[in-house]
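Q: Sharing model.cif (mmCIF, C-alpha atoms) below.
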```cif
data_data
#
loop_
_atom_site.label_atom_id
_atom_site.label_comp_id
_atom_site.auth_asym_id
_atom_site.auth_seq_id
_atom_site.Cartn_x
_atom_site.Cartn_y
_atom_site.Cartn_z
CA MET A 1 -55.83 116.66 25.56
CA ARG A 2 -52.99 116.25 23.06
CA ARG A 3 -52.15 112.85 24.50
CA LEU A 4 -55.81 111.78 24.20
CA LEU A 5 -55.95 112.84 20.53
CA LEU A 6 -52.73 110.96 19.74
CA MET A 7 -54.06 107.88 21.51
CA LEU A 8 -57.37 108.05 19.59
CA MET A 9 -55.48 108.41 16.28
CA PHE A 10 -53.31 105.41 17.15
CA VAL A 11 -56.34 103.29 18.05
CA GLY A 12 -58.12 104.45 14.87
CA VAL A 13 -55.22 103.35 12.69
CA LEU A 14 -55.16 99.94 14.37
CA ALA A 15 -58.90 99.57 13.79
CA LEU A 16 -58.72 100.13 10.01
CA PRO A 17 -60.06 97.13 8.08
CA ALA A 18 -57.64 94.90 6.24
CA SER A 19 -57.38 95.35 2.49
CA ALA A 20 -59.74 93.38 0.35
CA ILE A 21 -58.28 90.52 -1.61
CA ASP A 22 -60.04 89.01 -4.59
CA PHE A 23 -58.77 85.67 -5.84
CA TYR A 24 -59.83 82.79 -8.09
CA ILE A 25 -60.48 79.19 -7.09
CA SER A 26 -61.69 76.00 -8.68
CA PRO A 27 -63.21 73.51 -6.22
CA ASP A 28 -62.02 69.89 -6.22
CA VAL A 29 -65.57 68.56 -5.80
CA PRO A 30 -69.06 70.08 -6.17
CA THR A 31 -69.29 72.54 -3.29
CA ASP A 32 -72.10 74.62 -1.78
CA ASP A 33 -71.52 78.36 -2.16
CA PRO A 34 -70.70 79.34 1.45
CA ALA A 35 -72.28 82.79 0.97
CA THR A 36 -75.71 81.71 -0.32
CA LEU A 37 -75.88 77.92 0.07
CA ALA A 38 -78.15 78.14 -3.00
CA THR A 39 -75.47 77.77 -5.65
CA ILE A 40 -73.27 74.75 -6.19
CA LEU A 41 -69.74 75.52 -7.35
CA LEU A 42 -68.44 72.86 -9.74
CA PRO A 43 -64.91 71.50 -10.35
CA TRP A 44 -64.82 72.75 -13.96
CA GLU A 45 -65.69 76.34 -12.97
CA ILE A 46 -63.35 79.21 -12.19
CA VAL A 47 -64.81 81.16 -9.28
CA LEU A 48 -64.02 84.73 -8.20
CA VAL A 49 -63.94 85.07 -4.41
CA ASN A 50 -64.56 88.59 -3.08
CA THR A 51 -63.34 88.73 0.52
CA VAL A 52 -65.05 92.04 1.36
CA VAL A 53 -68.58 91.11 0.36
CA GLY A 54 -68.06 87.38 0.86
CA THR A 55 -69.31 86.38 -2.58
CA TYR A 56 -68.34 83.46 -4.80
CA VAL A 57 -69.09 84.17 -8.47
CA PRO A 58 -68.40 81.70 -11.30
CA VAL A 59 -66.58 83.67 -14.04
CA TRP A 60 -65.55 80.94 -16.49
CA SER A 61 -66.70 77.40 -17.12
CA MET A 62 -64.72 74.64 -18.79
CA PRO A 63 -66.35 71.56 -20.32
CA PRO A 64 -67.85 69.41 -17.52
CA THR A 65 -65.22 66.67 -17.87
CA VAL A 66 -62.33 69.02 -16.97
CA ALA A 67 -60.94 68.87 -13.44
CA LEU A 68 -58.64 71.87 -12.97
CA ASP A 69 -55.40 71.77 -11.00
CA ALA A 70 -53.22 74.85 -11.36
CA LEU A 71 -54.87 78.13 -12.29
CA HIS A 72 -53.53 81.56 -13.29
CA GLN A 73 -55.11 84.51 -15.10
CA THR A 74 -52.79 86.43 -17.41
CA CYS A 75 -52.79 90.21 -17.71
CA ALA A 76 -54.45 89.79 -21.11
CA GLY A 77 -57.33 87.92 -19.45
CA ASP A 78 -56.44 84.45 -20.75
CA TRP A 79 -56.40 81.54 -18.31
CA LEU A 80 -53.46 79.22 -17.76
CA PHE A 81 -54.34 75.93 -16.12
CA SER A 82 -53.43 72.28 -15.81
CA VAL A 83 -55.68 69.24 -15.59
CA GLU A 84 -55.76 66.35 -13.13
CA ALA A 85 -56.01 63.63 -15.80
CA PRO A 86 -55.56 63.37 -19.59
CA THR A 87 -58.21 65.64 -21.04
CA ASP A 88 -59.44 66.30 -24.58
CA LEU A 89 -60.05 69.99 -25.31
CA GLY A 90 -60.70 71.22 -28.83
CA GLY A 91 -59.45 67.99 -30.39
CA THR A 92 -56.13 67.93 -28.48
CA THR A 93 -55.37 65.67 -25.53
CA TYR A 94 -53.58 67.52 -22.74
CA LEU A 95 -51.73 65.70 -19.97
CA PRO A 96 -51.37 66.61 -16.26
CA TYR A 97 -47.79 67.87 -16.79
CA ASP A 98 -48.88 70.38 -19.44
CA VAL A 99 -50.01 73.97 -18.91
CA ILE A 100 -52.88 74.98 -21.18
CA ARG A 101 -53.93 78.46 -22.27
CA VAL A 102 -57.56 79.31 -23.04
CA ASP A 103 -58.58 82.71 -24.39
CA ALA A 104 -61.91 84.56 -24.36
CA ALA A 105 -62.95 82.78 -27.57
CA ALA A 106 -62.49 79.42 -25.77
CA THR A 107 -59.50 78.50 -27.95
CA TYR A 108 -57.25 76.03 -26.16
CA SER A 109 -53.52 75.81 -26.83
CA TYR A 110 -50.32 74.54 -25.22
CA PHE A 111 -48.48 77.08 -23.08
CA PHE A 112 -46.02 74.64 -21.48
CA CYS A 113 -45.45 71.17 -22.98
CA GLY A 114 -44.34 68.88 -20.17
CA ALA A 115 -42.98 66.13 -22.43
CA ALA A 116 -41.02 68.55 -24.67
CA VAL A 117 -39.48 70.26 -21.63
CA GLY A 118 -38.48 66.93 -20.02
CA ILE A 119 -41.01 66.61 -17.20
CA PRO A 120 -41.30 62.90 -16.34
CA PRO A 121 -44.58 61.10 -17.06
CA GLY A 122 -46.69 60.79 -13.94
CA ALA A 123 -45.89 64.31 -12.70
CA ASP A 124 -48.85 66.66 -12.36
CA VAL A 125 -48.55 70.46 -12.41
CA ASP A 126 -50.52 71.55 -9.34
CA ALA A 127 -49.56 75.25 -9.19
CA ALA A 128 -48.64 77.76 -11.91
CA PHE A 129 -48.10 81.49 -12.27
CA LEU A 130 -46.16 83.98 -14.35
CA THR A 131 -43.77 86.40 -12.72
CA PRO A 132 -43.89 90.11 -13.65
CA PRO A 133 -43.54 91.93 -15.99
CA GLY A 134 -46.98 91.27 -17.43
CA ASP A 135 -47.40 88.12 -19.47
CA ASN A 136 -43.72 87.99 -20.49
CA GLY A 137 -42.33 86.85 -17.15
CA ASP A 138 -40.90 83.52 -16.14
CA LEU A 139 -43.14 80.54 -15.43
CA ILE A 140 -43.29 79.15 -11.89
CA LEU A 141 -44.65 75.62 -11.44
CA SER A 142 -45.10 73.11 -8.65
CA PHE A 143 -45.53 69.37 -9.11
CA ASP A 144 -47.39 66.78 -7.05
CA VAL A 145 -44.45 64.34 -6.94
CA PRO A 146 -40.66 64.73 -6.74
CA VAL A 147 -39.29 65.79 -10.14
CA ASP A 148 -35.65 65.39 -11.18
CA LEU A 149 -34.60 68.02 -13.73
CA THR A 150 -30.84 67.86 -13.03
CA THR A 151 -30.04 66.61 -16.55
CA LEU A 152 -31.80 69.71 -17.94
CA GLY A 153 -29.83 72.19 -15.82
CA GLY A 154 -32.39 72.30 -13.04
CA GLY A 155 -32.41 70.42 -9.76
CA LEU A 156 -34.26 67.76 -7.82
CA TYR A 157 -37.55 69.32 -6.71
CA GLU A 158 -39.94 68.16 -4.01
CA PRO A 159 -43.74 68.54 -4.29
CA ALA A 160 -43.86 71.75 -2.21
CA ASP A 161 -41.06 73.48 -4.18
CA LEU A 162 -41.78 76.16 -6.76
CA VAL A 163 -39.73 75.45 -9.89
CA HIS A 164 -38.52 78.44 -11.90
CA PHE A 165 -38.64 78.16 -15.72
CA ALA A 166 -37.34 80.75 -18.18
CA GLN A 167 -38.48 80.76 -21.81
CA MET A 168 -35.36 80.46 -23.93
CA SER A 169 -37.06 79.83 -27.28
CA PRO A 170 -40.57 80.27 -28.69
CA GLY A 171 -43.20 77.61 -28.28
CA CYS A 172 -44.44 75.46 -25.46
CA GLY A 173 -41.21 73.43 -25.36
CA GLY A 174 -38.89 76.42 -25.08
CA TRP A 175 -38.97 76.57 -21.27
CA VAL A 176 -35.78 75.72 -19.34
CA PRO A 177 -35.64 75.04 -15.59
CA LEU A 178 -33.31 77.28 -13.61
CA ALA A 179 -30.87 75.69 -11.18
CA VAL A 180 -32.25 77.56 -8.18
CA PRO A 181 -35.93 77.06 -7.32
CA TYR A 182 -38.22 80.07 -7.03
CA PHE A 183 -39.08 78.72 -3.56
CA ASP A 184 -37.41 75.82 -1.78
CA ALA A 185 -39.83 74.34 0.74
CA SER A 186 -37.27 72.09 2.44
#
```
Can the structure in the file be given as structure tokens, please?

A:
Amino acid sequence: MRRLLLMLMFVGVLALPASAIDFYISPDVPTDDPATLATILLPWEIVLVNTVVGTYVPVWSMPPTVALDALHQTCAGDWLFSVEAPTDLGGTTYLPYDVIRVDAAATYSYFFCGAAVGIPPGADVDAAFLTPPGDNGDLILSFDVPVDLTTLGGGLYEPADLVHFAQMSPGCGGWVPLAVPYFDAS
């Protein structure tokens, strides 16, 4: 009897459902909502995906001309993102190697200035996130092309690498690449 109870407990633990994971996406092209097929998710929308219920809920919408690349929500609720092509937001033109912050009032501002930091023209930020603690951590970026930051104290990074930047001075140009990548995909 004891053996049977232990076996049933073991099987019960193995049968527990996996933890739910919610995450945000922005589709590359207009996409049917896989849950309802009634809603079309658009490239300028930020969509919350709930893996337990299987829902896709738009939570933020950019102007319709914005094609989002990288996307990260800060602890304060602001969004950090990059764009696929030069984009005018609030009277400022942002380039694909910039990281832009937008707050709840839809105020756009530079978070990371690619040109001021030394990112070569033609590079596109395609992944971005802040490391803990909170919104004061380091910035991790990935680029769509090889990027050489050796003259800035960094390294030569391939498109799948995650480049580690530390903020050494205030402002969007105060980020410095670290010599060791956050993740080396080679």

Q: Residues within 7 Å of (-38.4, 68.4, -8.9), file coordinates, counting only C-alpha atoms: what are they? Give the list as a PyMOL selection string.

A: chain A and resi 146-149+155-158

Q: Please produce, as JSON lines, a per-residue contact table for region 57-158 of chain A versus region 20-25 of chain A (criterion: any atom at most 12 Å away, all atoms listed in the file considered), showing the nearest atom pair and its distance in Å to one decimal, sorted by chain then residue number.

A:
```
{"residue": "A:Val57", "atom": "CA", "partner": "A:Tyr24", "partner_atom": "CA", "distance": 9.4}
{"residue": "A:Pro58", "atom": "CA", "partner": "A:Tyr24", "partner_atom": "CA", "distance": 9.2}
{"residue": "A:Val59", "atom": "CA", "partner": "A:Tyr24", "partner_atom": "CA", "distance": 9.0}
{"residue": "A:Trp60", "atom": "CA", "partner": "A:Tyr24", "partner_atom": "CA", "distance": 10.3}
{"residue": "A:Ser61", "atom": "CA", "partner": "A:Ile25", "partner_atom": "CA", "distance": 11.9}
{"residue": "A:Leu68", "atom": "CA", "partner": "A:Ile25", "partner_atom": "CA", "distance": 9.6}
{"residue": "A:Asp69", "atom": "CA", "partner": "A:Ile25", "partner_atom": "CA", "distance": 9.8}
{"residue": "A:Ala70", "atom": "CA", "partner": "A:Ile25", "partner_atom": "CA", "distance": 9.5}
{"residue": "A:Leu71", "atom": "CA", "partner": "A:Ile25", "partner_atom": "CA", "distance": 7.7}
{"residue": "A:His72", "atom": "CA", "partner": "A:Tyr24", "partner_atom": "CA", "distance": 8.3}
{"residue": "A:Gln73", "atom": "CA", "partner": "A:Tyr24", "partner_atom": "CA", "distance": 8.6}
{"residue": "A:Trp79", "atom": "CA", "partner": "A:Tyr24", "partner_atom": "CA", "distance": 10.9}
{"residue": "A:Phe81", "atom": "CA", "partner": "A:Ile25", "partner_atom": "CA", "distance": 11.4}
{"residue": "A:Ala127", "atom": "CA", "partner": "A:Ile25", "partner_atom": "CA", "distance": 11.8}
```

Q: When you look at region 32-37 of chain A with a cut-off of 12 Å (counting only C-alpha atoms), what residues show up, excluding the ones that are within fewer than 6 positions of it in the same chain? I need them as a CSV table (one decimal) with C-alpha atoms, in the coordinates of the input.

A:
```csv
chain,number,residue,atom,x,y,z
A,43,PRO,CA,-64.9,71.5,-10.4
A,47,VAL,CA,-64.8,81.2,-9.3
A,48,LEU,CA,-64.0,84.7,-8.2
A,49,VAL,CA,-63.9,85.1,-4.4
A,50,ASN,CA,-64.6,88.6,-3.1
A,51,THR,CA,-63.3,88.7,0.5
A,52,VAL,CA,-65.0,92.0,1.4
A,53,VAL,CA,-68.6,91.1,0.4
A,54,GLY,CA,-68.1,87.4,0.9
A,55,THR,CA,-69.3,86.4,-2.6
A,56,TYR,CA,-68.3,83.5,-4.8
A,57,VAL,CA,-69.1,84.2,-8.5
A,58,PRO,CA,-68.4,81.7,-11.3
```

Q: So which residues touch Pro120 (chain A) within 12 Å, counting only C-alpha atoms, skipping near sequence neighbours fewer than 2 positions away, as a count of residues only?

A: 23

Q: Evaluating the PyMOL selection byres ((chain A and resi 186) around 9) on the displayed file yields which residues, as a PyMOL selection string?

A: chain A and resi 158+160-161+184-185

Q: Taking the file above as input, evaluate the PyMOL selection byres ((chain A and resi 106) around 10) and report the hits as a list of chain:residue names.

A: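 Applied to this file, the PyMOL selection byres ((chain A and resi 106) around 10) selects A:Trp60, A:Ser61, A:Met62, A:Asp78, A:Trp79, A:Leu89, A:Gly90, A:Arg101, A:Val102, A:Asp103, A:Ala104, A:Ala105, A:Thr107, A:Tyr108, A:Ser109.
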
Q: Compare A:Phe111, A:Thr93, A:Thr39, A:Gly134 by their minimum atom-to-atom distance to Gly77 (chain A), counting only C-alpha atoms, and give me the closest one.

A: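 Ranked by minimum distance to Gly77 (chain A), first place goes to A:Gly134.
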
Q: Starting from the displayed file, determine the output of the PyMOL selection byres ((chain A and resi 179) around 10) and express the residue list as number ranges by chain.

A: A: 149-150, 152-156, 163-165, 176-178, 180-182

Q: How many Å lie between CA of Phe183 (chain A) and CA of Asp126 (chain A), rounded to one decimal?

A: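 So the answer is 14.7 Å.
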
Q: Between A:Leu42, A:Cys172, A:Ile100, A:Leu141, which has the minimum distance to Asp88 (chain A) (counting only C-alpha atoms)?

A: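 Of the candidates, the smallest distance to Asp88 (chain A) is held by A:Ile100.
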
Q: Separation of CA of Ala85 (chain A) and CA of Gly171 (chain A), in Å?

A: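 Taking CA of Ala85 (chain A) and CA of Gly171 (chain A), their separation equals 22.7 Å.
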
Q: Just give me the gap between CA of Ala67 (chain A) and CA of Ile40 (chain A) in Å, one decimal is fine.

A: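 These atoms are spaced 15.5 Å apart.
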
Q: Have a look at A:Pro121, A:Pro133, A:Pro170, A:Pro64 and name the one nearest to Pro30 (chain A); count all atoms listed in the file.

A: A:Pro64

Q: Do a neighbour search on Leu139 (chain A) at 8 Å with all atoms listed in the file, toss out local chain neighbours closer than 5 positions, and write the hits as a PDB file with C-alpha atoms, in the coordinates of the input.

A:
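Final file, part-v9.pdb:
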```
ATOM      1  CA  ALA A 128     -48.640  77.760 -11.910  1.00  0.00           C
ATOM      2  CA  PHE A 129     -48.100  81.490 -12.270  1.00  0.00           C
ATOM      3  CA  LEU A 130     -46.160  83.980 -14.350  1.00  0.00           C
ATOM      4  CA  THR A 131     -43.770  86.400 -12.720  1.00  0.00           C
ATOM      5  CA  HIS A 164     -38.520  78.440 -11.900  1.00  0.00           C
ATOM      6  CA  PHE A 165     -38.640  78.160 -15.720  1.00  0.00           C
ATOM      7  CA  ALA A 166     -37.340  80.750 -18.180  1.00  0.00           C
ATOM      8  CA  GLN A 167     -38.480  80.760 -21.810  1.00  0.00           C
TER       9      GLN A 167
END
```

Q: Would you mind putting back N, CA, C and O atoms on region 105-125 of chain A, then writing it out as a tab-separated table (two decimals), in the coordinates of the input?

A:
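The file below, result_17.tsv, is the result:
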```tsv
chain	number	residue	atom	x	y	z
A	105	ALA	N	-62.20	83.48	-26.53
A	105	ALA	CA	-62.95	82.78	-27.57
A	105	ALA	C	-63.00	81.27	-27.32
A	105	ALA	O	-63.47	80.52	-28.17
A	106	ALA	N	-62.53	80.83	-26.15
A	106	ALA	CA	-62.49	79.42	-25.77
A	106	ALA	C	-61.60	78.60	-26.71
A	106	ALA	O	-61.88	77.45	-27.02
A	107	THR	N	-60.50	79.20	-27.15
A	107	THR	CA	-59.50	78.50	-27.95
A	107	THR	C	-58.43	77.98	-27.01
A	107	THR	O	-57.80	78.75	-26.29
A	108	TYR	N	-58.23	76.67	-27.03
A	108	TYR	CA	-57.25	76.03	-26.16
A	108	TYR	C	-55.94	75.83	-26.92
A	108	TYR	O	-55.93	75.48	-28.09
A	109	SER	N	-54.82	76.04	-26.22
A	109	SER	CA	-53.52	75.81	-26.83
A	109	SER	C	-52.50	75.48	-25.74
A	109	SER	O	-52.71	75.80	-24.57
A	110	TYR	N	-51.41	74.83	-26.16
A	110	TYR	CA	-50.32	74.54	-25.22
A	110	TYR	C	-49.62	75.84	-24.83
A	110	TYR	O	-49.33	76.68	-25.69
A	111	PHE	N	-49.33	75.99	-23.56
A	111	PHE	CA	-48.48	77.08	-23.08
A	111	PHE	C	-47.14	76.50	-22.62
A	111	PHE	O	-46.10	77.08	-22.85
A	112	PHE	N	-47.20	75.34	-21.98
A	112	PHE	CA	-46.02	74.64	-21.48
A	112	PHE	C	-46.24	73.16	-21.79
A	112	PHE	O	-47.22	72.57	-21.34
A	113	CYS	N	-45.34	72.58	-22.59
A	113	CYS	CA	-45.45	71.17	-22.98
A	113	CYS	C	-44.54	70.34	-22.09
A	113	CYS	O	-43.32	70.34	-22.27
A	114	GLY	N	-45.12	69.64	-21.14
A	114	GLY	CA	-44.34	68.88	-20.17
A	114	GLY	C	-43.38	67.90	-20.81
A	114	GLY	O	-42.21	67.82	-20.42
A	115	ALA	N	-43.84	67.14	-21.80
A	115	ALA	CA	-42.98	66.13	-22.43
A	115	ALA	C	-41.82	66.80	-23.16
A	115	ALA	O	-40.67	66.35	-23.06
A	116	ALA	N	-42.07	67.87	-23.89
A	116	ALA	CA	-41.02	68.55	-24.67
A	116	ALA	C	-39.99	69.20	-23.76
A	116	ALA	O	-38.82	69.31	-24.12
A	117	VAL	N	-40.40	69.61	-22.57
A	117	VAL	CA	-39.48	70.26	-21.63
A	117	VAL	C	-38.69	69.22	-20.83
A	117	VAL	O	-37.62	69.51	-20.32
A	118	GLY	N	-39.19	67.98	-20.74
A	118	GLY	CA	-38.48	66.93	-20.02
A	118	GLY	C	-39.09	66.58	-18.67
A	118	GLY	O	-38.43	65.94	-17.84
A	119	ILE	N	-40.33	66.97	-18.44
A	119	ILE	CA	-41.01	66.61	-17.20
A	119	ILE	C	-41.35	65.12	-17.28
A	119	ILE	O	-41.89	64.66	-18.29
A	120	PRO	N	-41.05	64.35	-16.26
A	120	PRO	CA	-41.30	62.90	-16.34
A	120	PRO	C	-42.80	62.58	-16.34
A	120	PRO	O	-43.59	63.27	-15.69
A	121	PRO	N	-43.18	61.53	-17.09
A	121	PRO	CA	-44.58	61.10	-17.06
A	121	PRO	C	-44.98	60.77	-15.62
A	121	PRO	O	-44.18	60.29	-14.83
A	122	GLY	N	-46.21	61.05	-15.29
A	122	GLY	CA	-46.69	60.79	-13.94
A	122	GLY	C	-46.65	62.02	-13.05
A	122	GLY	O	-47.26	62.05	-11.99
A	123	ALA	N	-45.90	63.06	-13.47
A	123	ALA	CA	-45.89	64.31	-12.70
A	123	ALA	C	-47.10	65.15	-13.11
A	123	ALA	O	-47.52	65.14	-14.26
A	124	ASP	N	-47.66	65.84	-12.15
A	124	ASP	CA	-48.85	66.66	-12.36
A	124	ASP	C	-48.54	68.08	-11.90
A	124	ASP	O	-48.14	68.30	-10.76
A	125	VAL	N	-48.71	69.05	-12.80
A	125	VAL	CA	-48.55	70.46	-12.41
A	125	VAL	C	-49.72	70.81	-11.50
A	125	VAL	O	-50.88	70.69	-11.89
```
